[in-house]
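To keep things clear, I will list the structure first and then write my remarks on it.
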Amino acid sequence: MKVTATFKEKFTISISYLFILLFVYSAVSKLMDFHNFQIQLAQSPLLTAFATYISYAVLTVEFAIAILLSIPKTRIIGMFSAFGLMLLFTIYIYIILNYSSFVPCSCGGILENMNWTEHLIFNIAMVILAATALYLSNDWQNKPRFYISIRLVAISLLSVVLMAGLFLISEDMVQHRNNFVRRFPPFPAKRITVENLKFNSFYFAGESNGKLFLGNTSAPALITTLDTALQVITTQHIKITDTLFKFHNIQLRVLPPHFYLFDGTVPIIFKGNLSDGKAVLQSRKIPGFTKAVLIDSATIIIRTLSNTRENLLATVNLNHGQIKKSAHELLQKQIDGLFDTDGTMQYSQQQRKFVYLYYYRNQYTVTDQYLNLVHRGNTIDTTSKAKIKIAYVKAKKQRVFSAPPLLVNRVSAIHNNLLFVNSTLPGRYDEIKMWKNANVIDVYDILTKSYLMSFYIYKIDGEKIDDFIVTNTHFFAIIGSNIVSYKLAAALKNKYNN
């Protein structure tokens, strides 16, 4: 049956009204909750880096297309534009479902209650309706059909190139040139168990083969061993062979089958076997240090002070206590070389990489186990220079903070190639109310110098994270007097370099 001109015109007008309703309602919905709309865009794996620009662009384009469709003389231009915009949305969802590192919880907008697959089907239907309306429009009666086909193909190719380009550029910007926009995939870590340790003086001393080892600042000669269900397996007392030292701040580290006790202010290092609990002094020649991490049974990396009273990293042989290598150029001075280079020290046994993360600026340094520089990376905040003020107290001959410093990176842990950082600064689109109830953990790949994702660890009784450790399958945190376990989802575990 031949389609009449009247039917073609009514069909085109009806589809135009349908798109006007869709775009106006969608734009008004976004405008009424614009901040949430920007947050949803910021969580998109494709559009994170361009969330601000795209949020305004989408609203402008949707209103503009609605106006074009409502005017008879510009209706065809509006229909081509509607075809292109719906095709962009369709390609966007297809990439999310098939190529994205994770699928966000919701795609927002007018169809927020639909899942991603249903939304994809709806968009495809709207693209087909727009193309059909263009083919049936009376404006094409005296022109060849390939005229519209060429334009639709051109718009389609342009849409594919544009969305693919946004995806690639956004991924590169988020991972390597981030403008402080966090990415929160749905449930990368799920809380499993919370146990009360009864004391708030515990910290993580190590982990191995499904066991967690805890140290205790109030009972420094105690090793507490837990399983992954957070049930105590053993409580072991350490027998120190030499007790003549006046300890100030003993730290315990466990690297099975051995354990280590050290106090850099004395300075001494004891080593013992977990089987008998006897701690034997390794050497009396070890230089004073403020931090230390174990590399293997015979080597540690320490942070000591140089002749100019600035922080200095060095490797030490435990057997005779001598410094094997001093790395004078690793810590980069900005103000005083002491407070401005303060930070955390982590070592990845799997990757044999040492990581030094600054407290007061957005930088970390990666070296091998011999302190040879591999590269420097950045955390996603924008604090490139430490915001601290230093004063010198002549009476005590000490440098002190003259004002509270801006703390950037608070606590860290490393497992395999992933660096986990408890940040203190909200990102551009972070929900501020979440910062009152949770700690934010940012995850970085130290091999590619890239930011991967963030997730929340909820506070307990208002307490922040004191310490945490990561295994292949879990994230464990000590919060006040509680220890809590979070199971890592595949989206996070798949980022390990196996």
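Each chain in the structure tokens gets a letter, A, B, ..., in the order shown, and its residues are numbered from 1; ligands are numbered from 1 in order too.
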_Could you list, as a VMD selection string, every residue within 10 Å of A:Gln236, counting only C-alpha atoms and ignoring same-chain residues fewer than 6 positions away?_
chain A and resid 221 to 225 274 to 277
Output N, CA and C atoms for every residue in the selection just made, as a compact mmCIF listing (two decimals), in the first residue's frame.
# COMPACT_ATOMS: atom_id res chain seq x y z
N ALA A 221 56.13 -6.04 72.77
CA ALA A 221 56.71 -7.39 72.68
C ALA A 221 55.62 -8.44 72.47
N LEU A 222 54.55 -8.04 71.77
CA LEU A 222 53.43 -8.96 71.57
C LEU A 222 53.11 -9.07 70.08
N ILE A 223 52.98 -10.29 69.59
CA ILE A 223 52.55 -10.54 68.21
C ILE A 223 51.18 -11.20 68.25
N THR A 224 50.21 -10.56 67.64
CA THR A 224 48.86 -11.12 67.56
C THR A 224 48.60 -11.57 66.13
N THR A 225 48.22 -12.83 65.98
CA THR A 225 47.97 -13.40 64.66
C THR A 225 46.48 -13.67 64.48
N LEU A 274 59.56 -16.85 64.17
CA LEU A 274 58.21 -16.97 64.74
C LEU A 274 58.02 -18.26 65.51
N SER A 275 58.84 -19.25 65.22
CA SER A 275 58.68 -20.55 65.87
C SER A 275 59.04 -20.52 67.36
N ASP A 276 60.01 -19.68 67.75
CA ASP A 276 60.40 -19.64 69.17
C ASP A 276 60.23 -18.27 69.82
N GLY A 277 60.03 -17.23 69.02
CA GLY A 277 59.78 -15.90 69.58
C GLY A 277 60.98 -15.20 70.17
(message) List the spatial neighbours of A:Ser306 as an NGL selection string - criterion: any atom at most 10 Å away, only C-alpha atoms, same-chain residues fewer than 3 positions off excluded.
(response) :A and (303 or 309-313 or 326 or 328 or 337-338)
Output N, CA, C and O atoms of each residue in that selection to a file, as a PDB file, in the first residue's frame.
ATOM      1  N   ARG A 303      64.849   5.675  56.424  1.00  0.00           N
ATOM      2  CA  ARG A 303      64.899   7.121  56.209  1.00  0.00           C
ATOM      3  C   ARG A 303      65.661   7.710  57.378  1.00  0.00           C
ATOM      4  O   ARG A 303      65.235   7.608  58.531  1.00  0.00           O
ATOM      5  N   ARG A 309      70.762  17.829  58.012  1.00  0.00           N
ATOM      6  CA  ARG A 309      69.522  17.600  58.755  1.00  0.00           C
ATOM      7  C   ARG A 309      68.303  17.564  57.827  1.00  0.00           C
ATOM      8  O   ARG A 309      67.236  18.069  58.138  1.00  0.00           O
ATOM      9  N   GLU A 310      68.484  16.939  56.674  1.00  0.00           N
ATOM     10  CA  GLU A 310      67.391  16.734  55.739  1.00  0.00           C
ATOM     11  C   GLU A 310      67.149  15.233  55.589  1.00  0.00           C
ATOM     12  O   GLU A 310      68.060  14.412  55.813  1.00  0.00           O
ATOM     13  N   ASN A 311      65.931  14.865  55.238  1.00  0.00           N
ATOM     14  CA  ASN A 311      65.593  13.453  55.081  1.00  0.00           C
ATOM     15  C   ASN A 311      66.407  12.810  53.973  1.00  0.00           C
ATOM     16  O   ASN A 311      66.600  13.400  52.897  1.00  0.00           O
ATOM     17  N   LEU A 312      66.843  11.582  54.233  1.00  0.00           N
ATOM     18  CA  LEU A 312      67.686  10.847  53.284  1.00  0.00           C
ATOM     19  C   LEU A 312      67.299   9.378  53.315  1.00  0.00           C
ATOM     20  O   LEU A 312      67.143   8.788  54.389  1.00  0.00           O
ATOM     21  N   LEU A 313      67.144   8.766  52.151  1.00  0.00           N
ATOM     22  CA  LEU A 313      66.844   7.345  52.050  1.00  0.00           C
ATOM     23  C   LEU A 313      68.126   6.555  51.841  1.00  0.00           C
ATOM     24  O   LEU A 313      69.023   6.990  51.112  1.00  0.00           O
ATOM     25  N   SER A 326      73.328   5.250  49.811  1.00  0.00           N
ATOM     26  CA  SER A 326      72.564   6.437  50.188  1.00  0.00           C
ATOM     27  C   SER A 326      72.045   7.095  48.918  1.00  0.00           C
ATOM     28  O   SER A 326      72.815   7.332  47.979  1.00  0.00           O
ATOM     29  N   HIS A 328      70.782  10.286  47.722  1.00  0.00           N
ATOM     30  CA  HIS A 328      70.663  11.704  48.064  1.00  0.00           C
ATOM     31  C   HIS A 328      69.668  12.445  47.179  1.00  0.00           C
ATOM     32  O   HIS A 328      69.124  13.471  47.605  1.00  0.00           O
ATOM     33  N   GLY A 337      63.490  20.431  53.283  1.00  0.00           N
ATOM     34  CA  GLY A 337      64.113  19.124  53.125  1.00  0.00           C
ATOM     35  C   GLY A 337      63.811  18.153  54.244  1.00  0.00           C
ATOM     36  O   GLY A 337      64.229  16.993  54.191  1.00  0.00           O
ATOM     37  N   LEU A 338      63.079  18.590  55.259  1.00  0.00           N
ATOM     38  CA  LEU A 338      62.729  17.723  56.382  1.00  0.00           C
ATOM     39  C   LEU A 338      61.216  17.525  56.453  1.00  0.00           C
ATOM     40  O   LEU A 338      60.715  16.441  56.175  1.00  0.00           O
TER      41      LEU A 338
END
Who sits within 10 Å of stretch 151-158 of chain A, only C-alpha atoms, same chain under 4 positions skipped, as a PDB file with all heavy atoms, in the first residue's frame:
ATOM      1  N   PHE A  80      17.736  15.733  12.008  1.00  0.00           N
ATOM      2  CA  PHE A  80      19.101  15.233  11.820  1.00  0.00           C
ATOM      3  C   PHE A  80      19.883  15.341  13.137  1.00  0.00           C
ATOM      4  O   PHE A  80      20.630  14.436  13.509  1.00  0.00           O
ATOM      5  CB  PHE A  80      19.819  16.037  10.726  1.00  0.00           C
ATOM      6  CG  PHE A  80      19.626  15.505   9.344  1.00  0.00           C
ATOM      7  CD1 PHE A  80      18.952  16.247   8.383  1.00  0.00           C
ATOM      8  CD2 PHE A  80      20.108  14.250   8.991  1.00  0.00           C
ATOM      9  CE1 PHE A  80      18.776  15.760   7.099  1.00  0.00           C
ATOM     10  CE2 PHE A  80      19.933  13.753   7.702  1.00  0.00           C
ATOM     11  CZ  PHE A  80      19.259  14.510   6.755  1.00  0.00           C
ATOM     12  N   SER A  81      19.707  16.462  13.822  1.00  0.00           N
ATOM     13  CA  SER A  81      20.403  16.660  15.094  1.00  0.00           C
ATOM     14  C   SER A  81      19.942  15.655  16.140  1.00  0.00           C
ATOM     15  O   SER A  81      20.756  15.123  16.921  1.00  0.00           O
ATOM     16  CB  SER A  81      20.162  18.089  15.603  1.00  0.00           C
ATOM     17  OG  SER A  81      20.610  19.050  14.665  1.00  0.00           O
ATOM     18  N   PHE A  83      18.752  12.673  15.523  1.00  0.00           N
ATOM     19  CA  PHE A  83      19.349  11.394  15.119  1.00  0.00           C
ATOM     20  C   PHE A  83      20.790  11.301  15.621  1.00  0.00           C
ATOM     21  O   PHE A  83      21.201  10.285  16.201  1.00  0.00           O
ATOM     22  CB  PHE A  83      19.298  11.254  13.594  1.00  0.00           C
ATOM     23  CG  PHE A  83      20.055  10.076  13.068  1.00  0.00           C
ATOM     24  CD1 PHE A  83      19.471   8.823  13.005  1.00  0.00           C
ATOM     25  CD2 PHE A  83      21.372  10.218  12.613  1.00  0.00           C
ATOM     26  CE1 PHE A  83      20.177   7.722  12.526  1.00  0.00           C
ATOM     27  CE2 PHE A  83      22.082   9.134  12.126  1.00  0.00           C
ATOM     28  CZ  PHE A  83      21.476   7.881  12.084  1.00  0.00           C
ATOM     29  N   GLY A  84      21.558  12.375  15.416  1.00  0.00           N
ATOM     30  CA  GLY A  84      22.959  12.362  15.829  1.00  0.00           C
ATOM     31  C   GLY A  84      23.131  12.266  17.335  1.00  0.00           C
ATOM     32  O   GLY A  84      23.974  11.510  17.830  1.00  0.00           O
ATOM     33  N   LEU A  85      22.311  13.023  18.103  1.00  0.00           N
ATOM     34  CA  LEU A  85      22.440  12.999  19.552  1.00  0.00           C
ATOM     35  C   LEU A  85      22.053  11.644  20.125  1.00  0.00           C
ATOM     36  O   LEU A  85      22.753  11.101  20.998  1.00  0.00           O
ATOM     37  CB  LEU A  85      21.560  14.093  20.168  1.00  0.00           C
ATOM     38  CG  LEU A  85      21.680  14.273  21.690  1.00  0.00           C
ATOM     39  CD1 LEU A  85      23.112  14.631  22.088  1.00  0.00           C
ATOM     40  CD2 LEU A  85      20.714  15.339  22.187  1.00  0.00           C
ATOM     41  N   LEU A  87      22.174   8.848  18.587  1.00  0.00           N
ATOM     42  CA  LEU A  87      23.205   7.888  18.184  1.00  0.00           C
ATOM     43  C   LEU A  87      24.422   8.009  19.095  1.00  0.00           C
ATOM     44  O   LEU A  87      25.031   6.992  19.468  1.00  0.00           O
ATOM     45  CB  LEU A  87      23.595   8.124  16.722  1.00  0.00           C
ATOM     46  CG  LEU A  87      24.567   7.101  16.108  1.00  0.00           C
ATOM     47  CD1 LEU A  87      23.968   5.697  16.160  1.00  0.00           C
ATOM     48  CD2 LEU A  87      24.921   7.481  14.674  1.00  0.00           C
ATOM     49  N   LEU A  88      24.781   9.241  19.465  1.00  0.00           N
ATOM     50  CA  LEU A  88      25.886   9.439  20.415  1.00  0.00           C
ATOM     51  C   LEU A  88      25.586   8.747  21.742  1.00  0.00           C
ATOM     52  O   LEU A  88      26.446   8.067  22.305  1.00  0.00           O
ATOM     53  CB  LEU A  88      26.117  10.932  20.645  1.00  0.00           C
ATOM     54  CG  LEU A  88      26.944  11.686  19.604  1.00  0.00           C
ATOM     55  CD1 LEU A  88      26.932  13.174  19.909  1.00  0.00           C
ATOM     56  CD2 LEU A  88      28.376  11.166  19.561  1.00  0.00           C
ATOM     57  N   ILE A  91      25.954   4.940  21.232  1.00  0.00           N
ATOM     58  CA  ILE A  91      27.351   4.509  21.175  1.00  0.00           C
ATOM     59  C   ILE A  91      27.984   4.574  22.564  1.00  0.00           C
ATOM     60  O   ILE A  91      28.751   3.686  22.963  1.00  0.00           O
ATOM     61  CB  ILE A  91      28.144   5.375  20.170  1.00  0.00           C
ATOM     62  CG1 ILE A  91      27.581   5.191  18.755  1.00  0.00           C
ATOM     63  CG2 ILE A  91      29.631   5.021  20.208  1.00  0.00           C
ATOM     64  CD1 ILE A  91      28.139   6.187  17.761  1.00  0.00           C
ATOM     65  N   ALA A 131      15.488   8.256  11.921  1.00  0.00           N
ATOM     66  CA  ALA A 131      15.863   7.958  10.535  1.00  0.00           C
ATOM     67  C   ALA A 131      14.623   7.738   9.678  1.00  0.00           C
ATOM     68  O   ALA A 131      14.543   8.227   8.532  1.00  0.00           O
ATOM     69  CB  ALA A 131      16.757   6.726  10.493  1.00  0.00           C
ATOM     70  N   LEU A 134      12.943  11.009   8.821  1.00  0.00           N
ATOM     71  CA  LEU A 134      13.695  11.737   7.793  1.00  0.00           C
ATOM     72  C   LEU A 134      13.412  11.180   6.399  1.00  0.00           C
ATOM     73  O   LEU A 134      13.234  11.930   5.432  1.00  0.00           O
ATOM     74  CB  LEU A 134      15.192  11.679   8.098  1.00  0.00           C
ATOM     75  CG  LEU A 134      15.667  12.570   9.247  1.00  0.00           C
ATOM     76  CD1 LEU A 134      17.078  12.215   9.669  1.00  0.00           C
ATOM     77  CD2 LEU A 134      15.588  14.046   8.846  1.00  0.00           C
ATOM     78  N   PHE A 146      19.375   8.599  -1.829  1.00  0.00           N
ATOM     79  CA  PHE A 146      20.736   8.480  -1.313  1.00  0.00           C
ATOM     80  C   PHE A 146      21.215   9.788  -0.683  1.00  0.00           C
ATOM     81  O   PHE A 146      22.180   9.820   0.080  1.00  0.00           O
ATOM     82  CB  PHE A 146      21.709   8.034  -2.417  1.00  0.00           C
ATOM     83  CG  PHE A 146      22.077   9.120  -3.400  1.00  0.00           C
ATOM     84  CD1 PHE A 146      23.134   9.985  -3.157  1.00  0.00           C
ATOM     85  CD2 PHE A 146      21.353   9.269  -4.575  1.00  0.00           C
ATOM     86  CE1 PHE A 146      23.467  10.981  -4.070  1.00  0.00           C
ATOM     87  CE2 PHE A 146      21.683  10.267  -5.483  1.00  0.00           C
ATOM     88  CZ  PHE A 146      22.735  11.121  -5.228  1.00  0.00           C
ATOM     89  N   TYR A 147      20.519  10.893  -0.984  1.00  0.00           N
ATOM     90  CA  TYR A 147      20.879  12.200  -0.431  1.00  0.00           C
ATOM     91  C   TYR A 147      20.792  12.177   1.099  1.00  0.00           C
ATOM     92  O   TYR A 147      21.694  12.642   1.794  1.00  0.00           O
ATOM     93  CB  TYR A 147      19.929  13.257  -1.015  1.00  0.00           C
ATOM     94  CG  TYR A 147      20.328  14.683  -0.699  1.00  0.00           C
ATOM     95  CD1 TYR A 147      21.356  15.324  -1.390  1.00  0.00           C
ATOM     96  CD2 TYR A 147      19.663  15.403   0.287  1.00  0.00           C
ATOM     97  CE1 TYR A 147      21.710  16.642  -1.100  1.00  0.00           C
ATOM     98  CE2 TYR A 147      20.016  16.715   0.589  1.00  0.00           C
ATOM     99  CZ  TYR A 147      21.040  17.324  -0.111  1.00  0.00           C
ATOM    100  OH  TYR A 147      21.394  18.608   0.179  1.00  0.00           O
ATOM    101  N   LEU A 162      33.739  10.650  17.343  1.00  0.00           N
ATOM    102  CA  LEU A 162      33.674  11.577  18.471  1.00  0.00           C
ATOM    103  C   LEU A 162      33.623  10.834  19.800  1.00  0.00           C
ATOM    104  O   LEU A 162      34.378  11.143  20.734  1.00  0.00           O
ATOM    105  CB  LEU A 162      32.449  12.477  18.331  1.00  0.00           C
ATOM    106  CG  LEU A 162      32.201  13.475  19.482  1.00  0.00           C
ATOM    107  CD1 LEU A 162      33.386  14.427  19.610  1.00  0.00           C
ATOM    108  CD2 LEU A 162      30.913  14.254  19.251  1.00  0.00           C
ATOM    109  N   MET A 163      32.758   9.825  19.921  1.00  0.00           N
ATOM    110  CA  MET A 163      32.613   9.121  21.197  1.00  0.00           C
ATOM    111  C   MET A 163      33.849   8.273  21.506  1.00  0.00           C
ATOM    112  O   MET A 163      34.295   8.213  22.658  1.00  0.00           O
ATOM    113  CB  MET A 163      31.363   8.248  21.178  1.00  0.00           C
ATOM    114  CG  MET A 163      30.960   7.699  22.537  1.00  0.00           C
ATOM    115  SD  MET A 163      30.792   8.983  23.810  1.00  0.00           S
ATOM    116  CE  MET A 163      29.355   9.874  23.206  1.00  0.00           C
ATOM    117  N   ALA A 164      34.415   7.630  20.477  1.00  0.00           N
ATOM    118  CA  ALA A 164      35.636   6.842  20.692  1.00  0.00           C
ATOM    119  C   ALA A 164      36.786   7.748  21.114  1.00  0.00           C
ATOM    120  O   ALA A 164      37.588   7.407  21.993  1.00  0.00           O
ATOM    121  CB  ALA A 164      36.000   6.073  19.426  1.00  0.00           C
TER     122      ALA A 164
END
| Between atom CA of A:Glu62 and atom CA of A:Met32, what is the spacing in Å? |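 According to the coordinates, atom CA of A:Met32 and atom CA of A:Glu62 are separated by 14.6 Å.
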Closest atom pairs, residues of stretch 48-73 of chain A within 10 Å of stretch 33-38 of chain A, only C-alpha atoms, as a tab-separated table:
residue	atom	partner	partner_atom	distance
A:Thr48	CA	A:Gln38	CA	9.5
A:Phe50	CA	A:Gln38	CA	9.9
A:Ala51	CA	A:Gln38	CA	6.1
A:Thr52	CA	A:Gln38	CA	6.6
A:Tyr53	CA	A:Gln38	CA	9.5
A:Ile54	CA	A:Gln38	CA	8.6
A:Ser55	CA	A:Gln38	CA	6.0
A:Tyr56	CA	A:Gln38	CA	9.1
A:Leu59	CA	A:Phe34	CA	9.8
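Separating atom CA of A:Thr471 from atom CA of A:Asn216 is a distance of 20.7 Å.
Reported to one decimal place, the separation of atom CA of A:Glu329 from atom CA of A:Tyr360 is 18.5 Å.
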Please list as a PDB file with N, CA and C atoms, in the first residue's frame every residue within 9 Å of A:Asn123, counting only C-alpha atoms and excluding residues in the same chain fewer than 5 positions away.
ATOM      1  N   MET A  86      20.945  11.062  19.634  1.00  0.00           N
ATOM      2  CA  MET A  86      20.538   9.752  20.131  1.00  0.00           C
ATOM      3  C   MET A  86      21.549   8.674  19.747  1.00  0.00           C
ATOM      4  N   LEU A  87      22.174   8.848  18.587  1.00  0.00           N
ATOM      5  CA  LEU A  87      23.205   7.888  18.184  1.00  0.00           C
ATOM      6  C   LEU A  87      24.422   8.009  19.095  1.00  0.00           C
ATOM      7  N   PHE A  89      24.347   8.943  22.238  1.00  0.00           N
ATOM      8  CA  PHE A  89      23.955   8.277  23.483  1.00  0.00           C
ATOM      9  C   PHE A  89      24.036   6.758  23.349  1.00  0.00           C
ATOM     10  N   THR A  90      23.633   6.249  22.176  1.00  0.00           N
ATOM     11  CA  THR A  90      23.638   4.800  21.943  1.00  0.00           C
ATOM     12  C   THR A  90      25.065   4.250  21.929  1.00  0.00           C
ATOM     13  N   GLU A 118      18.405  -1.989  28.855  1.00  0.00           N
ATOM     14  CA  GLU A 118      17.104  -1.437  28.480  1.00  0.00           C
ATOM     15  C   GLU A 118      17.256  -0.038  27.874  1.00  0.00           C
ATOM     16  N   ILE A 128      16.151   4.740  15.195  1.00  0.00           N
ATOM     17  CA  ILE A 128      15.399   4.212  14.042  1.00  0.00           C
ATOM     18  C   ILE A 128      14.211   5.112  13.715  1.00  0.00           C
TER      19      ILE A 128
END
Please return as a short mmCIF file (atom, residue, chain, number, x, y, z; two decimals) with C-alpha atoms, in the first residue's frame: the residues of stretch 332-447 of chain A that backbone DSSP assigns to alpha helix (DSSP H).
data_model
loop_
_atom_site.label_atom_id
_atom_site.label_comp_id
_atom_site.auth_asym_id
_atom_site.auth_seq_id
_atom_site.Cartn_x
_atom_site.Cartn_y
_atom_site.Cartn_z
CA ILE A 432 30.83 16.21 50.86
CA LYS A 433 28.34 14.42 53.12
CA MET A 434 30.22 11.17 52.45
CA TRP A 435 33.39 12.72 53.88
CA LYS A 436 31.66 13.04 57.24
CA ASN A 437 30.89 9.33 57.33
#
*asked:* For the strand (DSSP E) assignment from backbone DSSP, which residues of stretch 96-344 of chain A qualify? Please present them as an MDAnalysis selection string.
replied: chainID A and resid 189:196 202:208 211:216 222:227 232:237 239:240 251:255 258:263 268:273 278:281 291:296 299:305 311:317 323:327 343:344
Which residues are near stretch 74-79 of chain A? Cut-off 12 Å, only C-alpha atoms, ignore same chain within fewer than 5 positions. Put them as a short mmCIF file (atom, residue, chain, number, x, y, z; two decimals) with N, CA and C atoms, in the first residue's frame.
data_model
loop_
_atom_site.label_atom_id
_atom_site.label_comp_id
_atom_site.auth_asym_id
_atom_site.auth_seq_id
_atom_site.Cartn_x
_atom_site.Cartn_y
_atom_site.Cartn_z
N GLU A 9 3.60 13.33 6.47
CA GLU A 9 3.72 14.58 7.19
C GLU A 9 3.30 14.43 8.65
N THR A 12 5.98 12.45 10.55
CA THR A 12 7.16 13.28 10.85
C THR A 12 6.88 14.26 11.98
N ILE A 13 5.69 14.88 11.93
CA ILE A 13 5.33 15.83 12.99
C ILE A 13 5.20 15.11 14.34
N SER A 14 4.59 13.92 14.33
CA SER A 14 4.41 13.16 15.57
C SER A 14 5.75 12.80 16.19
N ILE A 15 6.69 12.34 15.35
CA ILE A 15 8.02 11.99 15.86
C ILE A 15 8.73 13.24 16.37
N SER A 16 8.51 14.35 15.69
CA SER A 16 9.11 15.62 16.15
C SER A 16 8.61 15.97 17.54
N TYR A 17 7.30 15.86 17.76
CA TYR A 17 6.73 16.15 19.07
C TYR A 17 7.26 15.18 20.13
N LEU A 18 7.44 13.92 19.72
CA LEU A 18 7.98 12.92 20.66
C LEU A 18 9.38 13.32 21.12
N PHE A 19 10.21 13.75 20.16
CA PHE A 19 11.57 14.16 20.52
C PHE A 19 11.57 15.46 21.32
N ILE A 20 10.65 16.38 20.99
CA ILE A 20 10.56 17.62 21.77
C ILE A 20 10.24 17.29 23.22
N PHE A 23 13.42 15.54 24.87
CA PHE A 23 14.56 16.40 25.15
C PHE A 23 14.24 17.48 26.18
N VAL A 61 22.35 21.54 23.94
CA VAL A 61 21.98 20.83 22.71
C VAL A 61 20.55 20.30 22.79
N GLU A 62 20.15 19.75 23.92
CA GLU A 62 18.79 19.21 24.05
C GLU A 62 17.74 20.32 23.88
N PHE A 63 17.95 21.45 24.52
CA PHE A 63 17.02 22.57 24.36
C PHE A 63 17.04 23.09 22.92
N ALA A 64 18.22 23.18 22.32
CA ALA A 64 18.35 23.70 20.95
C ALA A 64 17.63 22.79 19.95
N ILE A 65 17.80 21.48 20.10
CA ILE A 65 17.13 20.55 19.19
C ILE A 65 15.61 20.64 19.35
N ALA A 66 15.15 20.78 20.58
CA ALA A 66 13.71 20.92 20.81
C ALA A 66 13.16 22.15 20.10
N ILE A 67 13.90 23.25 20.13
CA ILE A 67 13.47 24.47 19.44
C ILE A 67 13.47 24.26 17.92
N LEU A 68 14.50 23.66 17.39
CA LEU A 68 14.57 23.40 15.94
C LEU A 68 13.42 22.52 15.48
N LEU A 69 13.07 21.52 16.26
CA LEU A 69 11.98 20.62 15.89
C LEU A 69 10.61 21.29 15.96
N GLY A 84 21.56 12.38 15.42
CA GLY A 84 22.96 12.36 15.83
C GLY A 84 23.13 12.27 17.34
N LEU A 85 22.31 13.02 18.10
CA LEU A 85 22.44 13.00 19.55
C LEU A 85 22.05 11.64 20.12
N MET A 86 20.95 11.06 19.63
CA MET A 86 20.54 9.75 20.13
C MET A 86 21.55 8.67 19.75
N MET A 126 14.82 4.91 19.26
CA MET A 126 14.68 6.34 18.95
C MET A 126 15.52 6.73 17.74
N VAL A 127 16.69 6.13 17.57
CA VAL A 127 17.51 6.38 16.39
C VAL A 127 16.77 5.92 15.13
N ILE A 128 16.15 4.74 15.19
CA ILE A 128 15.40 4.21 14.04
C ILE A 128 14.21 5.11 13.72
N LEU A 129 13.51 5.60 14.74
CA LEU A 129 12.37 6.49 14.51
C LEU A 129 12.82 7.80 13.85
N ALA A 130 13.94 8.34 14.28
CA ALA A 130 14.44 9.58 13.67
C ALA A 130 14.81 9.37 12.21
N ALA A 131 15.49 8.26 11.92
CA ALA A 131 15.86 7.96 10.54
C ALA A 131 14.62 7.74 9.68
N THR A 132 13.63 7.04 10.20
CA THR A 132 12.39 6.79 9.46
C THR A 132 11.67 8.09 9.17
N ALA A 133 11.58 8.98 10.15
CA ALA A 133 10.92 10.27 9.96
C ALA A 133 11.63 11.08 8.88
N LEU A 134 12.94 11.01 8.82
CA LEU A 134 13.70 11.74 7.79
C LEU A 134 13.41 11.18 6.40
N TYR A 135 13.34 9.85 6.29
CA TYR A 135 13.07 9.23 4.99
C TYR A 135 11.65 9.53 4.51
N LEU A 136 10.71 9.65 5.44
CA LEU A 136 9.31 9.87 5.06
C LEU A 136 8.94 11.35 4.94
N SER A 137 9.83 12.21 5.36
CA SER A 137 9.52 13.64 5.31
C SER A 137 9.23 14.09 3.89
N ASN A 138 8.19 14.92 3.72
CA ASN A 138 7.83 15.42 2.39
C ASN A 138 8.90 16.30 1.79
N ASP A 139 9.78 16.81 2.61
CA ASP A 139 10.83 17.68 2.09
C ASP A 139 11.78 16.95 1.15
N TRP A 140 11.72 15.62 1.13
CA TRP A 140 12.65 14.84 0.30
C TRP A 140 11.96 14.28 -0.95
N ILE A 148 19.71 11.62 1.61
CA ILE A 148 19.57 11.51 3.07
C ILE A 148 20.47 10.42 3.64
N ARG A 151 23.97 11.63 4.32
CA ARG A 151 24.03 12.46 5.52
C ARG A 151 23.94 11.62 6.80
N LEU A 152 23.08 10.61 6.79
CA LEU A 152 22.96 9.75 7.96
C LEU A 152 24.23 8.95 8.20
N ILE A 155 26.84 11.38 9.61
CA ILE A 155 26.58 11.66 11.02
C ILE A 155 26.97 10.46 11.88
#
